[in-house]
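Note: the block below is protein_3.json and it holds JSON, C-alpha atoms.
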[["chain", "number", "residue", "atom", "x", "y", "z"],
["A", 12, "MET", "CA", 93.69, -36.78, 12.50],
["A", 13, "LYS", "CA", 93.92, -36.63, 8.72],
["A", 14, "ILE", "CA", 92.44, -39.43, 6.64],
["A", 15, "SER", "CA", 95.84, -40.27, 5.16],
["A", 16, "GLU", "CA", 97.35, -40.72, 8.63],
["A", 17, "LEU", "CA", 94.47, -42.92, 9.71],
["A", 18, "VAL", "CA", 94.81, -45.05, 6.58],
["A", 19, "GLU", "CA", 98.48, -45.60, 7.30],
["A", 20, "LYS", "CA", 97.90, -46.51, 10.94],
["A", 21, "THR", "CA", 95.02, -48.91, 10.34],
["A", 22, "GLY", "CA", 96.16, -50.60, 7.14],
["A", 23, "LEU", "CA", 93.08, -49.63, 5.15],
["A", 24, "LYS", "CA", 93.01, -50.30, 1.43],
["A", 25, "THR", "CA", 92.23, -47.17, -0.58],
["A", 26, "ILE", "CA", 89.58, -47.49, -3.29],
["A", 27, "ASN", "CA", 89.33, -43.99, -4.76],
["A", 28, "ASP", "CA", 90.90, -40.55, -5.00],
["A", 29, "TYR", "CA", 89.70, -38.53, -2.03],
["A", 30, "LYS", "CA", 89.99, -35.20, -0.30],
["A", 31, "ASP", "CA", 92.37, -35.57, 2.66],
["A", 32, "ARG", "CA", 90.22, -34.10, 5.46],
["A", 33, "GLU", "CA", 90.43, -34.13, 9.22],
["A", 34, "VAL", "CA", 88.22, -36.79, 10.76],
["A", 35, "GLU", "CA", 86.44, -35.92, 13.99],
["A", 36, "SER", "CA", 84.08, -38.76, 14.88],
["A", 37, "VAL", "CA", 83.01, -42.29, 14.04],
["A", 38, "TYR", "CA", 79.58, -43.63, 13.14],
["A", 39, "ILE", "CA", 78.67, -47.26, 12.51],
["A", 40, "SER", "CA", 75.53, -48.16, 10.58],
["A", 41, "ASP", "CA", 74.28, -50.28, 7.72],
["A", 42, "MET", "CA", 71.11, -48.24, 7.20],
["A", 43, "VAL", "CA", 71.12, -45.10, 5.07],
["A", 44, "SER", "CA", 68.04, -43.71, 6.85],
["A", 45, "ASP", "CA", 70.00, -43.93, 10.09],
["A", 46, "ILE", "CA", 73.12, -42.38, 8.59],
["A", 47, "ILE", "CA", 71.23, -39.39, 7.26],
["A", 48, "THR", "CA", 69.76, -38.60, 10.67],
["A", 49, "SER", "CA", 72.65, -39.48, 12.96],
["A", 50, "ALA", "CA", 76.08, -39.33, 11.31],
["A", 51, "LYS", "CA", 78.08, -36.13, 11.82],
["A", 52, "ARG", "CA", 80.08, -33.87, 9.55],
["A", 53, "ASN", "CA", 83.71, -35.05, 9.07],
["A", 54, "SER", "CA", 82.87, -38.48, 10.40],
["A", 55, "ILE", "CA", 84.19, -41.91, 9.52],
["A", 56, "LEU", "CA", 81.33, -44.16, 8.46],
["A", 57, "ILE", "CA", 81.89, -47.86, 9.05],
["A", 58, "THR", "CA", 79.50, -50.14, 7.20],
["A", 59, "LEU", "CA", 78.88, -53.37, 5.33],
["A", 60, "GLN", "CA", 76.83, -51.49, 2.74],
["A", 61, "THR", "CA", 78.14, -51.07, -0.80],
["A", 62, "HIS", "CA", 75.02, -49.56, -2.41],
["A", 63, "LYS", "CA", 75.11, -46.21, -4.20],
["A", 64, "SER", "CA", 72.53, -44.81, -1.76],
["A", 65, "LEU", "CA", 75.26, -44.98, 0.88],
["A", 66, "ILE", "CA", 77.21, -42.26, -0.96],
["A", 67, "ALA", "CA", 74.06, -40.21, -1.59],
["A", 68, "ALA", "CA", 73.42, -40.20, 2.17],
["A", 69, "ALA", "CA", 77.06, -39.70, 3.21],
["A", 70, "ASN", "CA", 77.29, -36.64, 0.97],
["A", 71, "LEU", "CA", 74.33, -34.99, 2.70],
["A", 72, "VAL", "CA", 75.90, -35.37, 6.15],
["A", 73, "ALA", "CA", 79.36, -34.38, 4.86],
["A", 74, "ALA", "CA", 81.03, -37.57, 6.01],
["A", 75, "ALA", "CA", 84.78, -37.53, 5.41],
["A", 76, "MET", "CA", 85.35, -41.19, 4.64],
["A", 77, "ILE", "CA", 83.63, -44.56, 4.42],
["A", 78, "VAL", "CA", 85.19, -47.82, 5.54],
["A", 79, "ILE", "CA", 83.56, -50.91, 4.08],
["A", 80, "VAL", "CA", 84.40, -53.86, 6.27],
["A", 81, "LYS", "CA", 84.93, -57.58, 5.68],
["A", 82, "GLY", "CA", 86.73, -56.98, 2.40],
["A", 83, "ARG", "CA", 83.64, -55.98, 0.44],
["A", 84, "ARG", "CA", 84.14, -53.80, -2.61],
["A", 85, "PRO", "CA", 81.56, -51.51, -4.23],
["A", 86, "ASN", "CA", 80.72, -51.34, -7.94],
["A", 87, "ASP", "CA", 82.44, -48.85, -10.21],
["A", 88, "ASP", "CA", 79.44, -46.47, -10.28],
["A", 89, "VAL", "CA", 79.57, -46.23, -6.48],
["A", 90, "VAL", "CA", 83.30, -45.49, -6.55],
["A", 91, "GLU", "CA", 82.74, -42.87, -9.24],
["A", 92, "LEU", "CA", 80.08, -41.08, -7.19],
["A", 93, "ALA", "CA", 82.23, -41.15, -4.05],
["A", 94, "THR", "CA", 85.12, -39.63, -6.00],
["A", 95, "LYS", "CA", 82.83, -36.92, -7.34],
["A", 96, "THR", "CA", 81.81, -35.99, -3.78],
["A", 97, "GLY", "CA", 85.39, -36.13, -2.46],
["A", 98, "ILE", "CA", 84.46, -38.78, 0.09],
["A", 99, "GLY", "CA", 87.20, -41.33, 0.64],
["A", 100, "LEU", "CA", 86.24, -44.97, 0.14],
["A", 101, "PHE", "CA", 88.27, -47.65, 1.86],
["A", 102, "THR", "CA", 88.00, -51.32, 2.58],
["A", 103, "SER", "CA", 89.16, -53.41, 5.48],
["A", 104, "ASP", "CA", 89.30, -57.18, 5.80],
["A", 105, "LEU", "CA", 88.36, -56.81, 9.47],
["A", 106, "ASP", "CA", 84.82, -57.01, 10.83],
["A", 107, "THR", "CA", 83.09, -53.89, 12.15],
["A", 108, "TRP", "CA", 83.89, -54.44, 15.83],
["A", 109, "THR", "CA", 87.54, -55.28, 15.29],
["A", 110, "PHE", "CA", 88.06, -52.24, 13.08],
["A", 111, "ALA", "CA", 86.19, -49.99, 15.52],
["A", 112, "LYS", "CA", 88.51, -51.13, 18.32],
["A", 113, "LYS", "CA", 91.47, -50.01, 16.21],
["A", 114, "LEU", "CA", 89.95, -46.55, 15.99],
["A", 115, "THR", "CA", 89.38, -46.25, 19.73],
["A", 116, "LYS", "CA", 93.03, -47.16, 20.30],
["A", 117, "LEU", "CA", 93.91, -44.20, 18.07],
["A", 118, "GLY", "CA", 91.77, -41.95, 20.25],
["A", 119, "LEU", "CA", 88.80, -41.67, 17.89],
["A", 120, "GLU", "CA", 85.33, -42.15, 19.33],
["B", 25, "MET", "CA", 59.60, -13.58, 4.63],
["B", 26, "SER", "CA", 61.71, -14.15, 7.74],
["B", 27, "ASP", "CA", 64.93, -12.18, 8.30],
["B", 28, "CYS", "CA", 66.31, -15.04, 10.40],
["B", 29, "ARG", "CA", 69.46, -16.76, 9.16],
["B", 30, "HIS", "CA", 68.04, -20.11, 10.09],
["B", 31, "GLU", "CA", 70.07, -22.63, 12.05],
["B", 32, "TRP", "CA", 68.17, -25.81, 11.20],
["B", 33, "ALA", "CA", 68.36, -28.99, 13.19],
["B", 34, "MET", "CA", 66.35, -32.18, 12.89],
["B", 35, "CYS", "CA", 63.46, -32.61, 15.31],
["B", 36, "ASN", "CA", 60.45, -34.91, 15.80],
["B", 37, "LEU", "CA", 62.36, -37.95, 14.58],
["B", 38, "ARG", "CA", 60.14, -41.00, 14.23],
["B", 39, "SER", "CA", 61.00, -44.44, 12.92],
["B", 40, "GLY", "CA", 58.71, -46.56, 10.80],
["B", 41, "TYR", "CA", 58.13, -47.85, 7.30],
["B", 42, "LEU", "CA", 57.58, -46.18, 3.99],
["B", 43, "VAL", "CA", 54.91, -48.27, 2.31],
["B", 44, "VAL", "CA", 54.79, -48.05, -1.48],
["B", 45, "GLU", "CA", 51.61, -48.86, -3.40],
["B", 46, "GLY", "CA", 50.83, -49.02, -7.08],
["B", 47, "CYS", "CA", 47.49, -48.44, -8.78],
["B", 48, "TRP", "CA", 46.43, -51.46, -10.77],
["B", 49, "GLU", "CA", 44.37, -49.30, -13.12],
["B", 50, "CYS", "CA", 46.36, -46.13, -13.85],
["B", 51, "GLY", "CA", 49.89, -47.32, -13.06],
["B", 52, "GLY", "CA", 50.40, -44.48, -10.59],
["B", 53, "ARG", "CA", 52.48, -44.85, -7.45],
["B", 54, "SER", "CA", 51.60, -43.74, -3.98],
["B", 55, "SER", "CA", 53.40, -44.01, -0.67],
["B", 56, "PHE", "CA", 52.74, -43.34, 2.97],
["B", 57, "PHE", "CA", 54.56, -43.49, 6.26],
["B", 58, "SER", "CA", 53.50, -46.11, 8.77],
["B", 59, "ALA", "CA", 54.66, -46.18, 12.37],
["B", 60, "GLU", "CA", 53.04, -49.56, 12.97],
["B", 61, "PRO", "CA", 55.31, -52.44, 14.03],
["B", 62, "VAL", "CA", 54.37, -54.32, 10.86],
["B", 63, "PRO", "CA", 53.62, -52.23, 7.76],
["B", 64, "PRO", "CA", 50.10, -52.70, 6.31],
["B", 65, "ILE", "CA", 49.80, -54.59, 3.02],
["B", 66, "ASP", "CA", 46.06, -54.20, 2.35],
["B", 67, "GLU", "CA", 44.67, -53.65, -1.12],
["B", 68, "TYR", "CA", 41.85, -51.12, -1.42],
["B", 69, "ARG", "CA", 39.88, -48.93, -3.78],
["B", 70, "GLU", "CA", 40.12, -45.14, -3.47],
["B", 71, "GLY", "CA", 38.15, -43.20, -6.06],
["B", 72, "ARG", "CA", 39.38, -44.29, -9.48],
["B", 73, "HIS", "CA", 42.47, -45.97, -8.02],
["B", 74, "PHE", "CA", 42.90, -49.57, -6.89],
["B", 75, "TRP", "CA", 45.98, -49.53, -4.69],
["B", 76, "MET", "CA", 48.11, -52.64, -4.33],
["B", 77, "TYR", "CA", 51.05, -53.15, -2.00],
["B", 78, "ARG", "CA", 54.39, -52.90, -3.82],
["B", 79, "GLY", "CA", 56.86, -52.99, -0.96],
["B", 80, "SER", "CA", 58.05, -51.27, 2.15],
["B", 81, "PHE", "CA", 61.29, -50.23, 3.71],
["B", 82, "GLN", "CA", 62.44, -48.91, 7.02],
["B", 83, "THR", "CA", 62.79, -45.18, 7.18],
["B", 84, "VAL", "CA", 63.01, -42.23, 9.52],
["B", 85, "LYS", "CA", 60.82, -39.16, 9.24],
["B", 86, "PHE", "CA", 61.86, -35.82, 10.68],
["B", 87, "ASP", "CA", 61.00, -32.14, 10.74],
["B", 88, "LEU", "CA", 63.39, -29.19, 10.88],
["B", 89, "LYS", "CA", 63.53, -26.64, 13.68],
["B", 90, "CYS", "CA", 65.44, -23.36, 13.61],
["B", 91, "HIS", "CA", 67.38, -22.87, 16.84],
["B", 92, "ALA", "CA", 67.58, -19.13, 16.18],
["B", 93, "CYS", "CA", 63.89, -18.24, 15.73],
["B", 94, "GLY", "CA", 62.07, -21.40, 16.79],
["B", 95, "THR", "CA", 60.36, -21.96, 13.44],
["B", 96, "ILE", "CA", 59.44, -25.57, 12.79],
["B", 97, "VAL", "CA", 59.04, -26.76, 9.22],
["B", 98, "ASN", "CA", 56.83, -29.82, 9.00],
["B", 99, "LEU", "CA", 58.17, -32.35, 6.52],
["B", 100, "ASP", "CA", 55.27, -34.80, 6.59],
["B", 101, "ASP", "CA", 54.95, -34.32, 2.84],
["B", 102, "VAL", "CA", 58.50, -35.57, 2.21],
["B", 103, "ASN", "CA", 58.54, -39.33, 1.72],
["B", 104, "GLY", "CA", 62.10, -39.65, 0.55],
["B", 105, "LEU", "CA", 65.11, -38.12, -1.16],
["B", 106, "MET", "CA", 66.58, -39.19, -4.46],
["B", 107, "LEU", "CA", 69.97, -38.21, -5.86],
["B", 108, "SER", "CA", 69.15, -37.44, -9.48],
["B", 109, "ASP", "CA", 71.09, -38.93, -12.39],
["B", 110, "CYS", "CA", 68.67, -37.44, -14.90],
["B", 111, "THR", "CA", 70.21, -35.78, -17.95],
["B", 112, "ASP", "CA", 67.03, -35.37, -19.99],
["B", 113, "HIS", "CA", 66.94, -31.79, -21.28],
["B", 114, "ASP", "CA", 63.16, -32.02, -21.61],
["B", 115, "CYS", "CA", 62.82, -32.66, -17.88],
["B", 116, "GLN", "CA", 63.19, -29.71, -15.51],
["B", 117, "VAL", "CA", 65.23, -31.80, -13.09],
["B", 118, "GLY", "CA", 67.44, -33.11, -15.88],
["B", 119, "ALA", "CA", 67.99, -29.57, -17.12],
["B", 120, "LEU", "CA", 68.99, -28.49, -13.61],
["B", 121, "VAL", "CA", 71.42, -31.43, -13.30],
["B", 122, "ASN", "CA", 72.99, -30.45, -16.63],
["B", 123, "GLN", "CA", 73.35, -26.82, -15.53],
["B", 124, "GLN", "CA", 75.23, -27.60, -12.32],
["B", 125, "GLY", "CA", 78.99, -27.67, -11.97],
["B", 126, "ALA", "CA", 80.90, -30.68, -10.69],
["B", 127, "ASP", "CA", 80.59, -29.42, -7.12],
["B", 128, "THR", "CA", 76.78, -29.57, -7.01],
["B", 129, "LEU", "CA", 74.45, -32.55, -6.79],
["B", 130, "VAL", "CA", 70.69, -32.38, -7.28],
["B", 131, "TYR", "CA", 68.42, -34.22, -4.83],
["B", 132, "VAL", "CA", 64.72, -34.68, -5.56],
["B", 133, "ALA", "CA", 62.38, -34.54, -2.56],
["B", 134, "LEU", "CA", 59.73, -37.20, -3.17],
["B", 135, "CYS", "CA", 56.11, -36.63, -2.17],
["B", 136, "ALA", "CA", 53.43, -39.29, -1.65],
["B", 137, "ASP", "CA", 51.67, -39.21, -5.02],
["B", 138, "SER", "CA", 53.79, -39.67, -8.13],
["B", 139, "THR", "CA", 50.90, -38.62, -10.38],
["B", 140, "HIS", "CA", 50.52, -35.22, -8.69],
["B", 141, "ALA", "CA", 46.88, -35.51, -9.76],
["B", 142, "GLN", "CA", 45.73, -33.33, -6.87],
["B", 143, "GLY", "CA", 48.40, -30.71, -7.56],
["B", 144, "LYS", "CA", 50.17, -31.38, -4.28],
["B", 145, "CYS", "CA", 53.89, -31.90, -3.78],
["B", 146, "VAL", "CA", 56.53, -31.07, -1.17],
["B", 147, "SER", "CA", 56.00, -27.54, 0.15],
["B", 148, "SER", "CA", 58.31, -24.73, -0.93],
["B", 149, "ALA", "CA", 59.07, -24.06, 2.75],
["B", 150, "GLY", "CA", 60.16, -27.68, 3.12],
["B", 151, "ILE", "CA", 62.34, -27.54, 0.03],
["B", 152, "GLU", "CA", 64.01, -24.34, 1.20],
["B", 153, "ALA", "CA", 64.63, -25.65, 4.73],
["B", 154, "LEU", "CA", 66.02, -28.98, 3.51],
["B", 155, "SER", "CA", 68.31, -27.19, 1.11],
["B", 156, "GLN", "CA", 69.60, -24.85, 3.81],
["B", 157, "TYR", "CA", 70.01, -27.70, 6.32],
["B", 158, "PHE", "CA", 72.04, -29.98, 4.06],
["B", 159, "ASN", "CA", 74.10, -27.19, 2.55],
["B", 160, "LYS", "CA", 75.12, -26.11, 6.06],
["B", 161, "ASN", "CA", 76.84, -29.49, 6.33],
["B", 162, "ILE", "CA", 78.81, -29.35, 3.12],
["B", 163, "GLU", "CA", 79.26, -25.73, 2.07],
["B", 164, "ALA", "CA", 82.52, -25.48, 4.02],
["B", 165, "LEU", "CA", 83.87, -28.17, 1.70],
["B", 166, "GLY", "CA", 83.14, -26.04, -1.35],
["B", 167, "ARG", "CA", 80.29, -28.31, -2.32],
["B", 168, "LYS", "CA", 76.57, -27.77, -2.70],
["B", 169, "VAL", "CA", 73.30, -29.63, -2.99],
["B", 170, "LEU", "CA", 70.20, -28.45, -4.76],
["B", 171, "VAL", "CA", 66.94, -29.85, -3.36],
["B", 172, "VAL", "CA", 63.95, -29.74, -5.71],
["B", 173, "PRO", "CA", 60.37, -31.04, -5.47],
["B", 174, "CYS", "CA", 59.46, -34.16, -7.47],
["B", 175, "LYS", "CA", 56.74, -32.27, -9.35],
["B", 176, "LEU", "CA", 59.59, -30.91, -11.51],
["B", 177, "CYS", "CA", 60.24, -34.42, -12.87],
["B", 178, "ASN", "CA", 58.60, -35.32, -16.16],
["B", 179, "SER", "CA", 57.80, -38.72, -14.67],
["B", 180, "ILE", "CA", 59.10, -39.54, -11.24],
["B", 181, "ASP", "CA", 58.41, -43.24, -11.82],
["B", 182, "LYS", "CA", 60.73, -43.29, -14.82],
["B", 183, "CYS", "CA", 63.28, -40.81, -13.48],
["B", 184, "ARG", "CA", 66.89, -41.95, -13.12],
["B", 185, "GLY", "CA", 68.40, -41.60, -9.68],
["B", 186, "THR", "CA", 69.39, -43.19, -6.41],
["B", 187, "VAL", "CA", 66.71, -43.17, -3.74],
["B", 188, "ILE", "CA", 68.10, -42.97, -0.22],
["B", 189, "ALA", "CA", 66.24, -45.96, 1.16],
["B", 190, "ASP", "CA", 66.85, -49.13, 3.11],
["B", 191, "VAL", "CA", 65.22, -51.25, 0.46],
["B", 192, "GLY", "CA", 64.99, -54.97, 0.95],
["B", 193, "LEU", "CA", 65.85, -55.15, 4.63],
["B", 194, "THR", "CA", 62.32, -55.76, 5.86],
["B", 195, "ASP", "CA", 60.19, -56.56, 2.84],
["B", 196, "ILE", "CA", 57.29, -58.79, 3.70],
["B", 197, "GLN", "CA", 56.78, -60.31, 0.25]]
Show this structure as structure tokens.
Amino acid sequence: MKISELVEKTGLKTINDYKDREVESVYISDMVSDIITSAKRNSILITLQTHKSLIAAANLVAAAMIVIVKGRRPNDDVVELATKTGIGLFTSDLDTWTFAKKLTKLGLE
Amino acid sequence: MSDCRHEWAMCNLRSGYLVVEGCWECGGRSSFFSAEPVPPIDEYREGRHFWMYRGSFQTVKFDLKCHACGTIVNLDDVNGLMLSDCTDHDCQVGALVNQQGADTLVYVALCADSTHAQGKCVSSAGIEALSQYFNKNIEALGRKVLVVPCKLCNSIDKCRGTVIADVGLTDIQ
């Protein structure tokens, strides 16, 4: 599924300009040291984190998009770095579990 | 030099804390990995240094293993990675950042001793393996990362960048 399709189906709010890639898996974590060792290429990262180190880690694992839950919004420098890497940044008012359930209903695991 | 086109994967993953210390006398910074349930906070003298606890954060250490030839690159000397924002032309890292196109980001591999007083830093084998491993992930996207050792920084303690670290989650102070 393309990011744009997923955004439409889940009601995500788009934060930056992104590269519209296929997403293949989902990973949930609020720790960058965990993301760097466990997240997969072309994954959706779901997190509460809004720190710049999140983008630095997501870039190394070639994550496709990041969903920041509970309506949190990152600072401009974080958005700028995400845009530079082509990683899509999105926000959802839902909590992690509720948003993750939406993804499983779409067939993503 | 190996002819193998390495297929790196992480191995020997171990969780713990990166403990950061500062020398009260010379202002240097040192760090070490601790697998203890609670990271040590002792102060102690070591040669001309008097190390004091500065903080700790949860981290994961790993090595890289090539699935093609079985080579394992030990990354014990890597204590962290920092995405560099340096633009200082007088710094080798800053110069590298300035030379790269928009599709390349420079990451600095951080060793334990910011002073490099003993001439040690992250091994060249480690730098090469890390670079190959991470680029495997993103090269299909037309992007690149350049991994460099922290000894190239003019002053790693004053260098601008984003350290990939879970700072603040488990600080004892």
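Nearest residue to chain A among B:Asp87, B:Asp137, B:Asp100, B:Asp112 is B:Asp87, counting all atoms listed in the file.
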Distance filter 7 Å, only C-alpha atoms, chain B against chain A, as a list in words = Thr83, Val84, Leu107, Phe158, Asn161, Ile162, Thr186, Val187, Ile188, Ala189 and Asp190 of chain B
Export, as a tab-separated table (two decimals), in the frame of the given file, the selected residues with C-alpha atoms.
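Listing of part-v3.tsv after writing:
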chain	number	residue	atom	x	y	z
B	83	THR	CA	62.79	-45.18	7.18
B	84	VAL	CA	63.01	-42.23	9.52
B	107	LEU	CA	69.97	-38.21	-5.86
B	158	PHE	CA	72.04	-29.98	4.06
B	161	ASN	CA	76.84	-29.49	6.33
B	162	ILE	CA	78.81	-29.35	3.12
B	186	THR	CA	69.39	-43.19	-6.41
B	187	VAL	CA	66.71	-43.17	-3.74
B	188	ILE	CA	68.10	-42.97	-0.22
B	189	ALA	CA	66.24	-45.96	1.16
B	190	ASP	CA	66.85	-49.13	3.11
Record the distance separating CA of Glu91 (chain A) and CA of Ala126 (chain B), expressed in Å with one decimal.
->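 Distance reported for this atom pair: 12.4 Å.
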Which of these residues is nearest to Tyr131 (chain B), using only C-alpha atoms: B:Gln116, B:Ser147, B:Ser155, B:Ser58?
->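 Closest residue, counting only C-alpha atoms: B:Ser155.
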Could you state the separation of CA of Thr139 (chain B) and CA of Leu99 (chain B) in Å, given to one decimal place?
-> 19.4 Å
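Reported to one decimal place, the separation of CA of Asp109 (chain B) from CA of Val78 (chain A) is 24.5 Å.
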Determine, counting only C-alpha atoms, every residue of protein, DNA or RNA that lies within 6 Å of (80.6, -25.3, -6.5) in the file coordinates, then give the result as a VMD selection string.
-> chain B and resid 127 to 128 166 to 167
Where atoms are missing, can you supply N, CA and C atoms for region 97-111 of chain A and output the lot as a JSON list (two decimals), in the coordinates of the input?
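Saved file out_24.json follows:
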[["chain", "number", "residue", "atom", "x", "y", "z"],
["A", 97, "GLY", "N", 84.18, -36.33, -3.26],
["A", 97, "GLY", "CA", 85.39, -36.13, -2.46],
["A", 97, "GLY", "C", 85.46, -37.03, -1.24],
["A", 98, "ILE", "N", 84.47, -37.88, -1.07],
["A", 98, "ILE", "CA", 84.46, -38.78, 0.09],
["A", 98, "ILE", "C", 85.41, -39.96, -0.18],
["A", 99, "GLY", "N", 86.26, -40.23, 0.79],
["A", 99, "GLY", "CA", 87.20, -41.33, 0.64],
["A", 99, "GLY", "C", 86.52, -42.67, 0.88],
["A", 100, "LEU", "N", 86.80, -43.62, -0.01],
["A", 100, "LEU", "CA", 86.24, -44.97, 0.14],
["A", 100, "LEU", "C", 87.39, -45.92, 0.42],
["A", 101, "PHE", "N", 87.21, -46.73, 1.45],
["A", 101, "PHE", "CA", 88.27, -47.65, 1.86],
["A", 101, "PHE", "C", 87.66, -48.99, 2.20],
["A", 102, "THR", "N", 88.49, -50.01, 2.17],
["A", 102, "THR", "CA", 88.00, -51.32, 2.58],
["A", 102, "THR", "C", 88.96, -51.93, 3.58],
["A", 103, "SER", "N", 88.38, -52.71, 4.48],
["A", 103, "SER", "CA", 89.16, -53.41, 5.48],
["A", 103, "SER", "C", 88.71, -54.86, 5.50],
["A", 104, "ASP", "N", 89.67, -55.75, 5.70],
["A", 104, "ASP", "CA", 89.30, -57.18, 5.80],
["A", 104, "ASP", "C", 88.72, -57.50, 7.17],
["A", 105, "LEU", "N", 88.85, -56.57, 8.11],
["A", 105, "LEU", "CA", 88.36, -56.81, 9.47],
["A", 105, "LEU", "C", 86.85, -56.70, 9.54],
["A", 106, "ASP", "N", 86.25, -57.23, 10.60],
["A", 106, "ASP", "CA", 84.82, -57.01, 10.83],
["A", 106, "ASP", "C", 84.64, -55.66, 11.53],
["A", 107, "THR", "N", 83.40, -55.23, 11.64],
["A", 107, "THR", "CA", 83.09, -53.89, 12.15],
["A", 107, "THR", "C", 83.68, -53.67, 13.55],
["A", 108, "TRP", "N", 83.46, -54.60, 14.43],
["A", 108, "TRP", "CA", 83.89, -54.44, 15.83],
["A", 108, "TRP", "C", 85.41, -54.36, 15.93],
["A", 109, "THR", "N", 86.08, -55.25, 15.22],
["A", 109, "THR", "CA", 87.54, -55.28, 15.29],
["A", 109, "THR", "C", 88.13, -53.99, 14.73],
["A", 110, "PHE", "N", 87.55, -53.50, 13.64],
["A", 110, "PHE", "CA", 88.06, -52.24, 13.08],
["A", 110, "PHE", "C", 87.75, -51.06, 14.01],
["A", 111, "ALA", "N", 86.56, -51.08, 14.60],
["A", 111, "ALA", "CA", 86.19, -49.99, 15.52],
["A", 111, "ALA", "C", 87.15, -49.94, 16.72]]
